[in-house]
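Visitor: I'm passing along model-v6.txt; it holds compact mmCIF, C-alpha atoms and all ligand atoms.
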```txt
# COMPACT_ATOMS: atom_id res chain seq x y z
CA MET A 3 26.13 10.39 -68.27
CA PRO A 4 23.74 12.87 -70.00
CA PRO A 5 24.61 16.51 -69.12
CA ILE A 6 21.32 17.05 -67.26
CA LEU A 7 22.00 14.10 -64.94
CA GLU A 8 25.52 15.41 -64.42
CA GLN A 9 24.00 18.74 -63.33
CA LEU A 10 21.58 16.93 -61.01
CA ARG A 11 24.48 15.12 -59.41
CA GLU A 12 26.52 18.30 -58.99
CA VAL A 13 23.68 20.25 -57.42
CA GLY A 14 23.09 17.23 -55.14
CA PHE A 15 26.68 17.53 -53.89
CA ALA A 16 26.21 21.27 -53.40
CA ILE A 17 23.06 20.67 -51.32
CA GLN A 18 24.89 18.06 -49.27
CA HIS A 19 27.55 20.65 -48.38
CA THR A 20 25.19 23.58 -47.81
CA PRO A 21 21.78 22.03 -47.09
CA ARG A 22 20.16 25.33 -46.21
CA HIS A 23 21.12 27.01 -49.48
CA ALA A 24 17.68 27.76 -50.95
CA GLN A 25 19.02 28.68 -54.42
CA TYR A 26 20.59 25.23 -54.84
CA ARG A 27 17.22 23.66 -54.04
CA LEU A 28 15.63 25.96 -56.58
CA LEU A 29 18.12 24.85 -59.21
CA ARG A 30 17.49 21.20 -58.38
CA ALA A 31 13.69 21.64 -58.49
CA LYS A 32 14.07 23.08 -62.00
CA ILE A 33 16.20 20.09 -63.08
CA TRP A 34 13.62 17.64 -61.67
CA LYS A 35 10.99 19.55 -63.63
CA MET A 36 12.93 19.07 -66.86
CA LEU A 37 13.30 15.37 -66.03
CA GLU A 38 9.52 15.18 -65.41
CA TYR A 39 9.50 14.08 -61.78
CA PRO A 40 6.68 16.32 -60.41
CA GLU A 41 6.78 14.67 -56.95
CA MET A 42 10.45 15.63 -56.59
CA VAL A 43 9.76 19.19 -57.80
CA ALA A 44 7.01 19.46 -55.17
CA SER A 45 9.32 18.24 -52.40
CA ASP A 46 12.16 20.66 -53.22
CA ALA A 47 9.74 23.54 -53.82
CA TYR A 48 8.12 22.95 -50.42
CA LYS A 49 11.55 23.01 -48.76
CA ILE A 50 12.49 26.22 -50.61
CA ILE A 51 9.41 27.92 -49.15
CA THR A 52 10.18 26.75 -45.61
CA LEU A 53 13.85 27.78 -45.98
CA CYS A 54 12.71 31.25 -47.05
CA ASP A 55 10.49 31.38 -43.95
CA ILE A 56 13.62 30.66 -41.88
CA ALA A 57 15.28 33.63 -43.62
CA THR A 58 12.38 35.89 -42.66
CA GLU A 59 13.02 34.99 -39.02
CA PHE A 60 16.81 34.69 -38.90
CA GLY A 61 18.01 36.80 -41.83
CA ALA A 62 18.90 36.12 -45.47
CA ASP A 63 22.36 34.73 -44.73
CA ALA A 64 20.79 31.85 -42.72
CA VAL A 65 19.82 30.39 -46.12
CA SER A 66 22.93 31.64 -47.96
CA MET A 67 21.22 34.60 -49.62
CA ARG A 68 22.23 38.26 -49.99
CA ASP A 69 19.12 40.15 -48.93
CA THR A 70 15.36 40.14 -48.35
CA ASN A 71 14.78 40.89 -51.99
CA GLU A 72 16.53 37.70 -53.07
CA VAL A 73 14.62 35.72 -50.42
CA ASN A 74 11.31 37.11 -51.69
CA MET A 75 12.06 36.22 -55.28
CA CYS A 76 13.19 32.73 -54.33
CA LYS A 77 10.09 32.08 -52.22
CA LYS A 78 7.86 33.22 -55.06
CA ASP A 79 9.64 30.80 -57.43
CA GLY A 80 9.16 28.06 -54.79
CA TYR A 81 5.41 28.70 -54.67
CA GLU A 82 5.12 28.69 -58.45
CA LEU A 83 7.02 25.42 -58.80
CA LEU A 84 4.98 23.82 -56.02
CA ILE A 85 1.64 24.88 -57.52
CA ARG A 86 2.65 23.80 -61.05
CA SER A 87 3.89 20.39 -59.90
CA LEU A 88 0.74 19.80 -57.81
CA LEU A 89 -1.42 20.64 -60.81
CA GLU A 90 0.66 18.31 -62.95
CA MET A 91 -0.24 15.53 -60.50
CA HIS A 92 -3.87 16.75 -60.57
CA CYS A 93 -3.80 17.69 -56.86
CA VAL A 94 -6.22 20.55 -57.49
CA ALA A 95 -7.33 21.07 -53.89
CA ASP A 96 -3.72 21.11 -52.66
CA ALA A 97 -2.71 23.52 -55.42
CA LEU A 98 -5.56 25.88 -54.50
CA GLY A 99 -4.54 25.77 -50.83
CA VAL A 100 -0.95 26.70 -51.70
CA CYS A 101 -2.21 29.39 -54.08
CA ASN A 102 -4.26 31.02 -51.31
CA GLU A 103 -1.24 30.95 -49.01
CA ALA A 104 1.02 32.44 -51.69
CA ALA A 105 -1.54 35.18 -52.43
CA GLN A 106 -1.07 36.49 -48.87
CA TYR A 107 2.56 37.29 -49.67
CA TYR A 108 2.28 38.07 -53.38
CA PRO A 109 -1.31 39.23 -53.98
CA ASP A 110 -0.57 40.58 -57.45
CA SER A 111 0.82 37.33 -58.79
CA PHE A 112 -1.16 34.58 -57.13
CA GLU A 113 -4.69 35.91 -56.95
CA SER A 114 -4.91 35.75 -60.73
CA TYR A 115 -3.42 32.26 -60.49
CA THR A 116 -6.27 31.15 -58.21
CA GLU A 117 -8.78 32.53 -60.71
CA GLU A 118 -6.99 30.64 -63.46
CA ILE A 119 -7.30 27.32 -61.58
CA TYR A 120 -11.01 27.88 -60.83
CA GLY A 121 -11.52 28.72 -64.48
CA ALA A 122 -9.80 25.49 -65.53
CA ILE A 123 -11.92 23.46 -63.08
CA ARG A 124 -15.09 25.08 -64.44
CA ALA A 125 -13.98 24.30 -67.98
CA GLN A 126 -13.15 20.76 -66.75
CA ASP A 127 -9.60 21.03 -68.00
CA LEU A 128 -8.39 19.64 -64.69
CA PRO A 129 -9.63 16.31 -63.38
CA ASN A 130 -10.90 16.13 -59.83
CA ALA A 131 -8.79 15.27 -56.81
CA PRO A 132 -9.49 11.48 -56.73
CA THR A 133 -7.30 11.00 -59.81
CA ALA A 134 -4.39 12.90 -58.26
CA SER A 135 -1.35 10.84 -59.10
CA TYR A 136 2.11 10.42 -60.55
CA ILE A 137 3.93 7.41 -61.99
CA PRO A 138 6.61 6.11 -59.61
CA ARG A 139 9.95 5.44 -61.32
CA THR A 140 13.49 4.79 -60.20
CA TYR A 141 15.36 7.97 -59.33
CA PRO A 142 18.68 8.74 -61.05
CA THR A 143 19.94 10.11 -57.72
CA ILE A 144 19.79 6.71 -55.97
CA SER A 145 23.11 4.90 -56.09
CA SER A 146 22.92 1.71 -58.21
CA GLU A 147 24.18 -0.41 -55.30
CA TYR A 148 20.82 0.23 -53.59
CA LEU A 149 18.77 -0.71 -56.63
CA THR A 150 19.82 -4.33 -57.09
CA ARG A 151 20.16 -6.98 -54.44
CA SER A 152 23.72 -8.02 -53.75
CA GLU A 153 24.98 -11.58 -53.32
CA ALA A 154 25.42 -10.70 -49.64
CA ASP A 155 21.72 -9.68 -49.33
CA ILE A 156 20.65 -13.02 -50.82
CA GLU A 157 23.11 -14.95 -48.65
CA SER A 158 21.84 -13.30 -45.50
CA SER A 159 18.22 -14.10 -46.44
CA ASN A 160 19.19 -17.71 -47.19
CA ALA A 161 20.86 -17.92 -43.78
CA GLN A 162 17.51 -16.93 -42.22
CA PHE A 163 15.73 -19.70 -44.17
CA LYS A 164 18.14 -22.18 -42.56
CA ARG A 165 17.06 -21.31 -39.01
CA PRO A 166 14.73 -23.62 -37.03
CA PRO A 167 11.97 -24.69 -37.24
CA LEU A 168 12.32 -24.88 -41.04
CA ASP A 169 16.01 -25.80 -41.14
CA GLY A 170 16.43 -24.87 -44.76
CA THR A 171 13.35 -26.33 -46.46
CA CYS A 172 13.58 -23.45 -48.94
CA ARG A 173 16.35 -21.51 -50.62
CA ILE A 174 16.40 -18.32 -52.70
CA SER A 175 17.83 -18.55 -56.20
CA HIS A 176 17.26 -17.03 -59.66
CA SER A 177 13.61 -17.51 -60.60
CA THR A 178 12.47 -19.70 -63.48
CA LEU A 179 10.14 -16.83 -64.42
CA ALA A 180 12.73 -14.52 -65.88
CA ALA A 181 15.56 -16.59 -67.31
CA GLY A 182 18.71 -14.54 -67.75
CA LYS A 183 17.54 -11.52 -65.69
CA PRO A 184 20.00 -11.23 -62.81
CA ASP A 185 17.79 -9.54 -60.20
CA VAL A 186 14.69 -11.74 -60.42
CA TYR A 187 14.73 -14.20 -57.55
CA GLY A 188 12.37 -16.90 -56.38
CA VAL A 189 12.16 -19.51 -53.63
CA PHE A 190 12.88 -23.20 -54.29
CA ALA A 191 12.30 -26.42 -52.32
CA THR A 192 15.57 -27.94 -51.15
CA ARG A 193 13.91 -31.31 -50.43
CA PRO A 194 10.60 -33.05 -51.27
CA ILE A 195 7.66 -31.54 -49.35
CA PRO A 196 4.50 -33.66 -48.97
CA LYS A 197 1.03 -32.20 -49.60
CA GLN A 198 0.00 -30.06 -46.57
CA GLY A 199 3.64 -30.07 -45.37
CA LEU A 200 5.04 -26.89 -43.83
CA VAL A 201 6.93 -24.85 -46.42
CA HIS A 202 7.76 -21.73 -44.45
CA LYS A 203 6.70 -19.91 -41.30
CA GLU A 204 7.65 -16.33 -40.70
CA SER A 205 6.97 -14.28 -37.65
CA THR A 206 7.14 -10.61 -38.46
CA THR A 207 6.97 -7.45 -36.38
CA PHE A 208 7.09 -5.25 -39.45
CA ILE A 209 3.39 -4.60 -39.11
CA ALA A 210 1.08 -1.62 -39.01
CA ALA A 211 -2.42 -1.50 -37.61
CA THR A 212 -5.05 1.19 -37.86
CA ARG A 213 -5.79 0.69 -34.18
CA SER A 214 -4.37 -1.55 -31.47
CA VAL A 215 -1.06 -0.07 -30.39
CA PRO A 216 -1.18 2.37 -27.50
CA ALA A 217 -0.15 5.79 -28.75
CA PRO A 218 3.43 6.69 -27.77
CA PRO A 219 4.12 10.05 -26.14
CA VAL A 220 4.76 12.49 -28.97
CA ALA A 221 5.13 15.86 -27.31
CA HIS A 222 8.91 16.13 -27.73
CA PRO A 223 11.43 14.46 -29.98
CA PRO A 224 12.98 11.45 -28.26
CA HIS A 225 16.42 12.06 -26.76
CA ASP A 226 17.84 8.71 -27.76
CA ALA A 227 17.13 6.13 -30.43
CA ALA A 228 15.96 3.51 -27.91
CA SER A 229 13.04 5.70 -26.83
CA ILE A 230 11.58 5.78 -30.35
CA PRO A 231 8.48 3.59 -30.37
CA GLU A 232 8.72 0.50 -32.55
CA ALA A 233 5.34 0.74 -34.16
CA PHE A 234 2.82 3.45 -34.76
CA ASP A 235 -0.86 3.47 -35.31
CA SER A 236 -3.41 5.92 -36.53
CA ASN A 237 -3.50 7.75 -33.20
CA CYS A 238 0.07 8.90 -33.69
CA PHE A 239 1.42 12.02 -35.28
CA GLN A 240 -0.05 13.68 -38.28
CA VAL A 241 -0.50 10.37 -40.09
CA ARG A 242 -4.16 10.52 -40.95
CA ALA A 243 -4.46 6.78 -41.24
CA ASP A 244 -7.89 5.39 -41.36
CA ALA A 245 -8.97 1.99 -42.64
CA HIS A 246 -11.16 3.71 -45.21
CA VAL A 247 -8.40 5.87 -46.66
CA PRO A 248 -6.55 4.15 -49.51
CA ASN A 249 -2.89 3.50 -48.73
CA ALA A 250 -3.33 4.45 -45.04
CA LEU A 251 -1.78 1.18 -43.90
CA HIS A 252 1.12 1.59 -46.33
CA THR A 253 1.75 5.00 -44.80
CA LEU A 254 1.75 3.50 -41.31
CA LEU A 255 4.08 0.71 -42.39
CA PHE A 256 6.35 3.35 -43.89
CA THR A 257 6.55 5.33 -40.62
CA THR A 258 7.06 2.11 -38.66
CA PHE A 259 9.97 1.28 -40.95
CA LEU A 260 11.52 4.75 -40.55
CA SER A 261 11.33 4.46 -36.77
CA LYS A 262 13.02 1.03 -36.92
CA CYS A 263 15.71 2.53 -39.11
CA ALA A 264 16.33 5.33 -36.60
CA ARG A 265 16.27 2.91 -33.65
CA ASP A 266 18.78 0.61 -35.35
CA ASN A 267 21.09 3.49 -36.32
CA CYS A 268 21.13 2.11 -39.84
CA PRO A 269 23.75 3.70 -42.15
CA HIS A 270 21.18 4.16 -44.94
CA PRO A 271 17.45 3.30 -45.09
CA LEU A 272 17.94 1.27 -48.29
CA GLU A 273 20.61 -0.80 -46.52
CA HIS A 274 18.29 -1.85 -43.70
CA PRO A 275 17.76 -5.66 -43.72
CA LEU A 276 13.99 -5.17 -43.70
CA ILE A 277 14.07 -3.24 -46.97
CA ALA A 278 17.32 -4.22 -48.78
CA GLY A 279 15.89 -7.51 -50.06
CA LEU A 280 12.65 -6.00 -51.35
CA THR A 281 11.97 -4.72 -54.84
CA ALA A 282 9.52 -2.12 -56.08
CA SER A 283 7.27 -2.61 -59.08
CA TYR A 284 7.59 0.20 -61.57
CA GLY A 285 5.33 0.35 -64.57
CA PRO A 286 2.71 2.49 -66.24
CA ALA A 287 0.00 0.52 -64.43
CA SER A 288 1.20 1.47 -60.96
CA SER A 289 0.37 5.16 -60.69
CA ARG A 290 0.21 6.45 -57.15
CA LYS A 291 -1.98 9.09 -55.59
CA PHE A 292 -0.13 12.11 -54.29
CA SER A 293 -1.00 14.40 -51.43
CA LEU A 294 0.91 17.40 -50.10
CA GLN A 295 0.00 16.50 -46.52
CA ARG A 296 0.68 12.76 -46.62
CA ASP A 297 3.72 12.75 -48.90
CA ILE A 298 5.55 15.91 -47.88
CA ARG A 299 4.33 17.55 -44.66
CA ASP A 300 3.72 14.37 -42.62
CA PRO A 301 7.07 12.67 -43.45
CA ILE A 302 8.96 15.90 -42.66
CA HIS A 303 7.24 16.24 -39.27
CA PHE A 304 7.72 12.56 -38.57
CA LEU A 305 11.44 12.62 -39.42
CA GLU A 306 11.87 15.72 -37.26
CA TYR A 307 10.24 13.79 -34.42
CA LEU A 308 12.84 11.04 -34.95
CA GLY A 309 15.56 13.68 -34.63
CA ILE A 310 16.54 13.54 -38.33
CA ASP A 311 17.59 16.74 -40.12
CA THR A 312 15.26 16.67 -43.13
CA TYR A 313 17.31 19.30 -44.97
CA GLY A 314 20.85 18.19 -44.23
CA ASP A 315 20.52 14.42 -44.08
CA LEU A 316 20.10 13.43 -47.74
CA ARG A 317 19.76 9.77 -46.75
CA TYR A 318 16.19 10.78 -45.89
CA ASP A 319 15.55 12.94 -48.94
CA MET A 320 12.36 12.47 -50.96
CA ASP A 321 13.92 10.13 -53.57
CA VAL A 322 14.96 7.66 -50.85
CA LEU A 323 11.66 7.94 -48.97
CA LEU A 324 9.58 7.26 -52.07
CA THR A 325 11.82 4.33 -53.06
CA VAL A 326 11.27 2.83 -49.60
CA TYR A 327 7.54 3.51 -49.86
CA GLU A 328 7.26 1.75 -53.24
CA ARG A 329 9.09 -1.32 -51.91
CA ILE A 330 6.71 -1.51 -48.96
CA ARG A 331 3.71 -0.99 -51.19
CA ASN A 332 4.81 -3.77 -53.53
CA ASN A 333 5.56 -6.32 -50.81
CA SER A 334 2.98 -5.86 -48.08
CA PHE A 335 0.39 -8.48 -47.26
CA GLY A 336 -3.04 -7.56 -46.02
CA CYS A 337 -4.72 -9.19 -43.08
CA VAL A 338 -8.45 -8.71 -43.02
CA ASP A 339 -9.50 -8.59 -39.40
CA ARG A 340 -10.90 -6.21 -36.82
CA GLN A 341 -7.58 -4.46 -36.49
CA ALA A 342 -7.01 -3.80 -40.20
CA VAL A 343 -3.40 -4.85 -40.27
CA GLU A 344 -0.87 -4.79 -43.04
CA GLY A 345 2.68 -6.09 -42.83
CA VAL A 346 5.81 -7.05 -44.71
CA GLY A 347 7.54 -10.42 -44.33
CA PRO A 348 11.04 -9.94 -45.74
CA LEU A 349 11.46 -13.66 -46.59
CA PHE A 350 7.81 -14.13 -47.60
CA SER A 351 8.40 -11.33 -50.13
CA PHE A 352 10.75 -13.57 -52.15
CA PHE A 353 7.92 -15.97 -53.10
CA ASN A 354 6.69 -15.29 -56.64
CA HIS A 355 3.15 -15.34 -57.90
CA SER A 356 1.47 -17.99 -60.00
CA CYS A 357 -2.22 -18.30 -60.91
CA GLU A 358 -1.81 -22.03 -60.19
CA PRO A 359 0.26 -21.85 -57.00
CA ASN A 360 1.80 -24.91 -55.36
CA VAL A 361 1.87 -23.22 -51.93
CA SER A 362 -0.98 -21.74 -49.86
CA TRP A 363 -0.48 -19.14 -47.13
CA GLN A 364 -2.41 -17.68 -44.25
CA VAL A 365 -1.82 -15.29 -41.37
CA GLU A 366 -1.90 -16.93 -37.96
CA ASN A 367 -3.53 -15.25 -34.93
CA PRO A 368 -4.60 -12.25 -36.97
CA GLY A 369 -6.58 -10.66 -34.13
CA GLU A 370 -4.07 -11.16 -31.33
CA VAL A 371 -2.64 -7.94 -29.93
CA VAL A 372 -0.73 -7.53 -26.69
CA ALA A 373 -1.23 -4.19 -24.96
CA GLY A 374 1.89 -2.06 -25.01
CA GLN A 375 3.59 -4.27 -27.60
CA PRO A 376 3.88 -3.77 -31.33
CA PRO A 377 1.62 -6.31 -33.05
CA THR A 378 3.25 -9.43 -34.52
CA ARG A 379 1.87 -11.83 -37.07
CA SER A 380 2.99 -15.21 -38.38
CA ILE A 381 2.64 -16.16 -42.02
CA VAL A 382 2.22 -19.92 -42.35
CA MET A 383 2.81 -21.51 -45.75
CA ARG A 384 1.90 -25.09 -46.73
CA ALA A 385 2.29 -27.27 -49.84
CA LYS A 386 -0.90 -27.55 -51.90
CA SER A 387 0.38 -30.74 -53.54
CA ASN A 388 3.45 -32.94 -53.32
CA ILE A 389 6.44 -30.79 -54.14
CA GLU A 390 9.68 -32.14 -55.57
CA GLU A 391 13.18 -31.13 -54.58
CA GLY A 392 14.33 -28.17 -56.69
CA GLU A 393 10.80 -27.04 -57.65
CA GLU A 394 10.13 -23.28 -57.54
CA LEU A 395 7.52 -22.38 -54.93
CA PHE A 396 4.66 -20.09 -55.92
CA ILE A 397 1.87 -18.40 -54.01
CA THR A 398 -1.01 -16.33 -55.32
CA TYR A 399 -1.13 -12.55 -54.82
CA ILE A 400 -4.79 -12.44 -55.84
CA ALA A 401 -7.77 -14.79 -55.58
CA PRO A 402 -7.51 -16.49 -59.00
CA GLU A 403 -10.98 -17.94 -58.79
CA SER A 404 -13.96 -15.61 -58.53
CA PRO A 405 -16.97 -16.80 -56.46
CA ASP A 406 -18.87 -17.70 -59.64
CA GLY A 407 -16.09 -19.60 -61.38
CA PHE A 408 -12.71 -18.83 -62.88
CA LEU A 409 -11.53 -15.27 -63.30
CA PRO A 410 -10.62 -15.00 -66.99
CA VAL A 411 -6.94 -14.65 -67.83
CA GLU A 412 -7.21 -11.00 -68.96
CA GLU A 413 -8.93 -9.97 -65.72
CA ARG A 414 -6.31 -11.76 -63.64
CA ARG A 415 -3.51 -10.10 -65.59
CA LYS A 416 -5.13 -6.68 -65.09
CA GLU A 417 -5.29 -7.19 -61.32
CA LEU A 418 -1.71 -8.44 -61.17
CA MET A 419 -0.32 -5.41 -63.02
CA THR A 420 0.15 -3.67 -59.64
CA TRP A 421 2.90 -6.11 -58.74
CA MET A 422 4.30 -7.11 -62.10
CA GLY A 423 4.30 -4.00 -64.26
CA GLY A 424 3.49 -6.31 -67.20
CA PRO A 425 1.19 -9.25 -68.01
CA CYS A 426 1.49 -12.29 -65.71
CA GLN A 427 3.60 -14.95 -67.42
CA CYS A 428 2.77 -17.88 -65.13
CA THR A 429 2.19 -21.30 -66.70
CA ARG A 430 -1.60 -20.96 -66.38
CA CYS A 431 -1.78 -17.47 -67.91
CA VAL A 432 0.49 -18.46 -70.81
CA ARG A 433 -1.55 -21.65 -71.41
CA GLU A 434 -4.93 -19.89 -71.22
CA SER A 435 -3.93 -16.92 -73.36
CA GLU A 436 -2.48 -19.30 -76.01
CA ALA A 437 -5.74 -21.26 -75.94
CA GLU A 438 -7.76 -18.05 -76.30
CA LYS A 439 -5.61 -16.95 -79.23
CA GLY A 440 -6.05 -20.39 -80.81
CA LEU A 441 -9.81 -20.20 -80.30
CA SER A 442 -10.13 -16.75 -81.86
CA LEU A 443 -8.00 -17.94 -84.79
CA LYS A 444 -10.30 -20.96 -85.26
CA MET A 445 -13.37 -18.70 -85.04
CA LYS A 446 -11.87 -16.46 -87.73
CA GLU A 447 -11.16 -19.45 -89.95
CA LEU A 448 -14.68 -20.76 -89.42
CA ALA A 449 -16.20 -17.37 -90.13
CA GLY A 450 -14.04 -17.10 -93.25
CA ARG A 451 -15.16 -20.54 -94.47
CA LEU A 452 -18.85 -19.83 -93.77
CA LEU A 453 -18.75 -16.43 -95.46
CA GLY A 454 -16.68 -17.78 -98.34
CA GLY A 455 -19.10 -20.67 -98.83
CA ALA A 456 -22.20 -18.44 -98.68
ZN ZN A 501 -0.93 -15.86 -64.07
```
Written as structure tokens, how would this file's structure read?
Ligand SMILES: [Zn+2]
Guide:
Amino acid sequence: MPPILEQLREVGFAIQHTPRHAQYRLLRAKIWKMLEYPEMVASDAYKIITLCDIATEFGADAVSMRDTNEVNMCKKDGYELLIRSLLEMHCVADALGVCNEAAQYYPDSFESYTEEIYGAIRAQDLPNAPTASYIPRTYPTISSEYLTRSEADIESSNAQFKRPPLDGTCRISHSTLAAGKPDVYGVFATRPIPKQGLVHKESTTFIAATRSVPAPPVAHPPHDAASIPEAFDSNCFQVRADAHVPNALHTLLFTTFLSKCARDNCPHPLEHPLIAGLTASYGPASSRKFSLQRDIRDPIHFLEYLGIDTYGDLRYDMDVLLTVYERIRNNSFGCVDRQAVEGVGPLFSFFNHSCEPNVSWQVENPGEVVAGQPPTRSIVMRAKSNIEEGEELFITYIAPESPDGFLPVEERRKELMTWMGGPCQCTRCVRESEAEKGLSLKMKELAGRLLGGA
């Protein structure tokens, strides 16, 4: 293990033993900075500042520090790291907000900082807020057992495929798409399925809606897990979810998942059956917008509502939360209706994409909502043609045909980058890109002959 990762691991252990030790957080934030994970720097830096606020109220030893002087220095470092990491992710408005706050405590240091940011904006050195983002990657702090799906995960999903009414029409196995790669799975027909025949039907409660669910009482943290509501909508908490805000439904799905996790007393969020079988898509094409409110403040408040210690319980630390979020983002299906609903079907998520799919899917009863109940949706999948036993089953993640004809292969591949992190390698894309290459080669030859003959 490289020495820097060894240090990261050691400081992780130290935080686990003394979660309110602000200096350990500071050390870890600096390591994340060296490893170029600005979102993790921001999370630790934010916690350093709040820990120092605790010290102001309860004394320096509450956060394992010697005196007020040490607390002040640590808090100042926390502000600097937070502002720098926000600027690195181009969150200019957030960085300015933090700068103004910091200037109240340290006028000499941070007022000039604010001027510096304004100067950079005027000189257009910093892009505007809409481009605020970072590139999600796997975190070296997440245990490898949570990053690949175990045989037991696959077996338990296959057992669910065997339940009525499908009685094992499909089965998960290694996909034909990535021969030799152990963690790439797909779904296969276990018997012939006639055209229009039912392939799979999945009823899922892992759903979020921008409006529809009555808001749960939120005044006090629930006293027991059973009283945690199962689903949340935009009326709840600090989650500023609105159908017009990008990723709002992903955020709601994320909070719904966390509440399920707390209700089920799950040993670790990445072990929960709703999330263990899902994969994230990591690649340069899948940058994600970052916001101090949505990614740090809201999850902390939400976890506190669930009764989870956001400092001491490292199972809910930022690396785990963002891993969960990426899995949800990569596997959710949209449902365009009045309610603006997005959900995750854990079995549905195993179906791979093809630009010439042999299976079609739709969401049944998309508008149906029962008052007082979390919304549920059924995904119904049917064969588009006669399917043979043993054939891999594919759906489409995009609409491969545009209203005025076929979407060209390069455009399809661009759209699919979000899920694949690389160009789509389905039979149609491979065939069409080969044909395009062949055509351009022929054009070159022709041009060469014409020019040569002229
Ligand atoms: Zn394709």
Visitor: Report as JSON lines the residues of chain A within 6 Å of ligand ZN 501 (chain A), each with its shortest atom pair and distance in Å (one decimal), using all atoms listed in the file, ordered by chain and increasing residue number.
Guide:
```
{"residue": "A:Ser356", "atom": "CA", "partner": "A:ZN501", "partner_atom": "ZN", "distance": 5.2}
{"residue": "A:Cys357", "atom": "CA", "partner": "A:ZN501", "partner_atom": "ZN", "distance": 4.2}
{"residue": "A:Cys426", "atom": "CA", "partner": "A:ZN501", "partner_atom": "ZN", "distance": 4.6}
{"residue": "A:Gln427", "atom": "CA", "partner": "A:ZN501", "partner_atom": "ZN", "distance": 5.7}
{"residue": "A:Cys428", "atom": "CA", "partner": "A:ZN501", "partner_atom": "ZN", "distance": 4.3}
{"residue": "A:Arg430", "atom": "CA", "partner": "A:ZN501", "partner_atom": "ZN", "distance": 5.6}
{"residue": "A:Cys431", "atom": "CA", "partner": "A:ZN501", "partner_atom": "ZN", "distance": 4.2}
```
Visitor: Between region 264-378 of chain A and region 95-112 of chain A, at 12 Å or less, what are the per-residue closest atom pairs and their distances in Å? Count all atoms listed in the file, order by chain and rising residue number, and return it as CSV.
Guide:
```
residue,atom,partner,partner_atom,distance
A:Phe292,CA,A:Asp96,CA,9.8
A:Ser293,CA,A:Asp96,CA,7.3
A:Leu294,CA,A:Asp96,CA,6.5
A:Gln295,CA,A:Asp96,CA,8.5
A:Arg296,CA,A:Asp96,CA,11.2
A:Asp297,CA,A:Asp96,CA,11.8
A:Ile298,CA,A:Asp96,CA,11.7
A:Arg299,CA,A:Asp96,CA,11.9
```
Visitor: Which is closer to Thr52 (chain A) than all the others in A:Gly80, A:Gly121, A:Pro184, A:Pro40, using only C-alpha atoms?
Guide: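 Checking each of A:Gly80, A:Gly121, A:Pro184, A:Pro40 against Thr52 (chain A), counting only C-alpha atoms, the winner is A:Gly80.
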Visitor: I need the residue nearest Ile397 (chain A) from this list: A:Asp79, A:Glu41, A:Glu344, A:Glu358. Use all atoms listed in the file for the distance.
Guide: A:Glu358
Visitor: For Lys49 (chain A), please output as a PyMOL selection string all residues within 10 Å (counting all atoms listed in the file; exclusion window: fewer than 2 positions along the same chain).
Guide: chain A and resi 22+24+27-28+43-47+51-55+77+80+84+298-299+302+312-313
Visitor: Name the residues in contact with Lys386 (chain A) at a cut-off of 8 Å, using all atoms listed in the file, excluding same-chain residues fewer than 6 positions from it; report them as a ChimeraX atom specification.
Guide: /A:197-198,359-362
Visitor: For Gly423 (chain A), work out the shell of residues within 12 Å, counting all atoms listed in the file and skipping chain neighbours fewer than 4 positions away, then give it as a PDB file with C-alpha atoms, in the frame of the given file.
Guide:
```
ATOM      1  CA  ILE A 137       3.930   7.410 -61.990  1.00  0.00           C
ATOM      2  CA  PRO A 138       6.610   6.110 -59.610  1.00  0.00           C
ATOM      3  CA  ARG A 139       9.950   5.440 -61.320  1.00  0.00           C
ATOM      4  CA  ALA A 282       9.520  -2.120 -56.080  1.00  0.00           C
ATOM      5  CA  SER A 283       7.270  -2.610 -59.080  1.00  0.00           C
ATOM      6  CA  TYR A 284       7.590   0.200 -61.570  1.00  0.00           C
ATOM      7  CA  GLY A 285       5.330   0.350 -64.570  1.00  0.00           C
ATOM      8  CA  PRO A 286       2.710   2.490 -66.240  1.00  0.00           C
ATOM      9  CA  ALA A 287       0.000   0.520 -64.430  1.00  0.00           C
ATOM     10  CA  SER A 288       1.200   1.470 -60.960  1.00  0.00           C
ATOM     11  CA  SER A 289       0.370   5.160 -60.690  1.00  0.00           C
ATOM     12  CA  ASN A 332       4.810  -3.770 -53.530  1.00  0.00           C
ATOM     13  CA  ARG A 415      -3.510 -10.100 -65.590  1.00  0.00           C
ATOM     14  CA  LYS A 416      -5.130  -6.680 -65.090  1.00  0.00           C
ATOM     15  CA  GLU A 417      -5.290  -7.190 -61.320  1.00  0.00           C
ATOM     16  CA  LEU A 418      -1.710  -8.440 -61.170  1.00  0.00           C
ATOM     17  CA  MET A 419      -0.320  -5.410 -63.020  1.00  0.00           C
ATOM     18  CA  GLN A 427       3.600 -14.950 -67.420  1.00  0.00           C
TER      19      GLN A 427
END
```
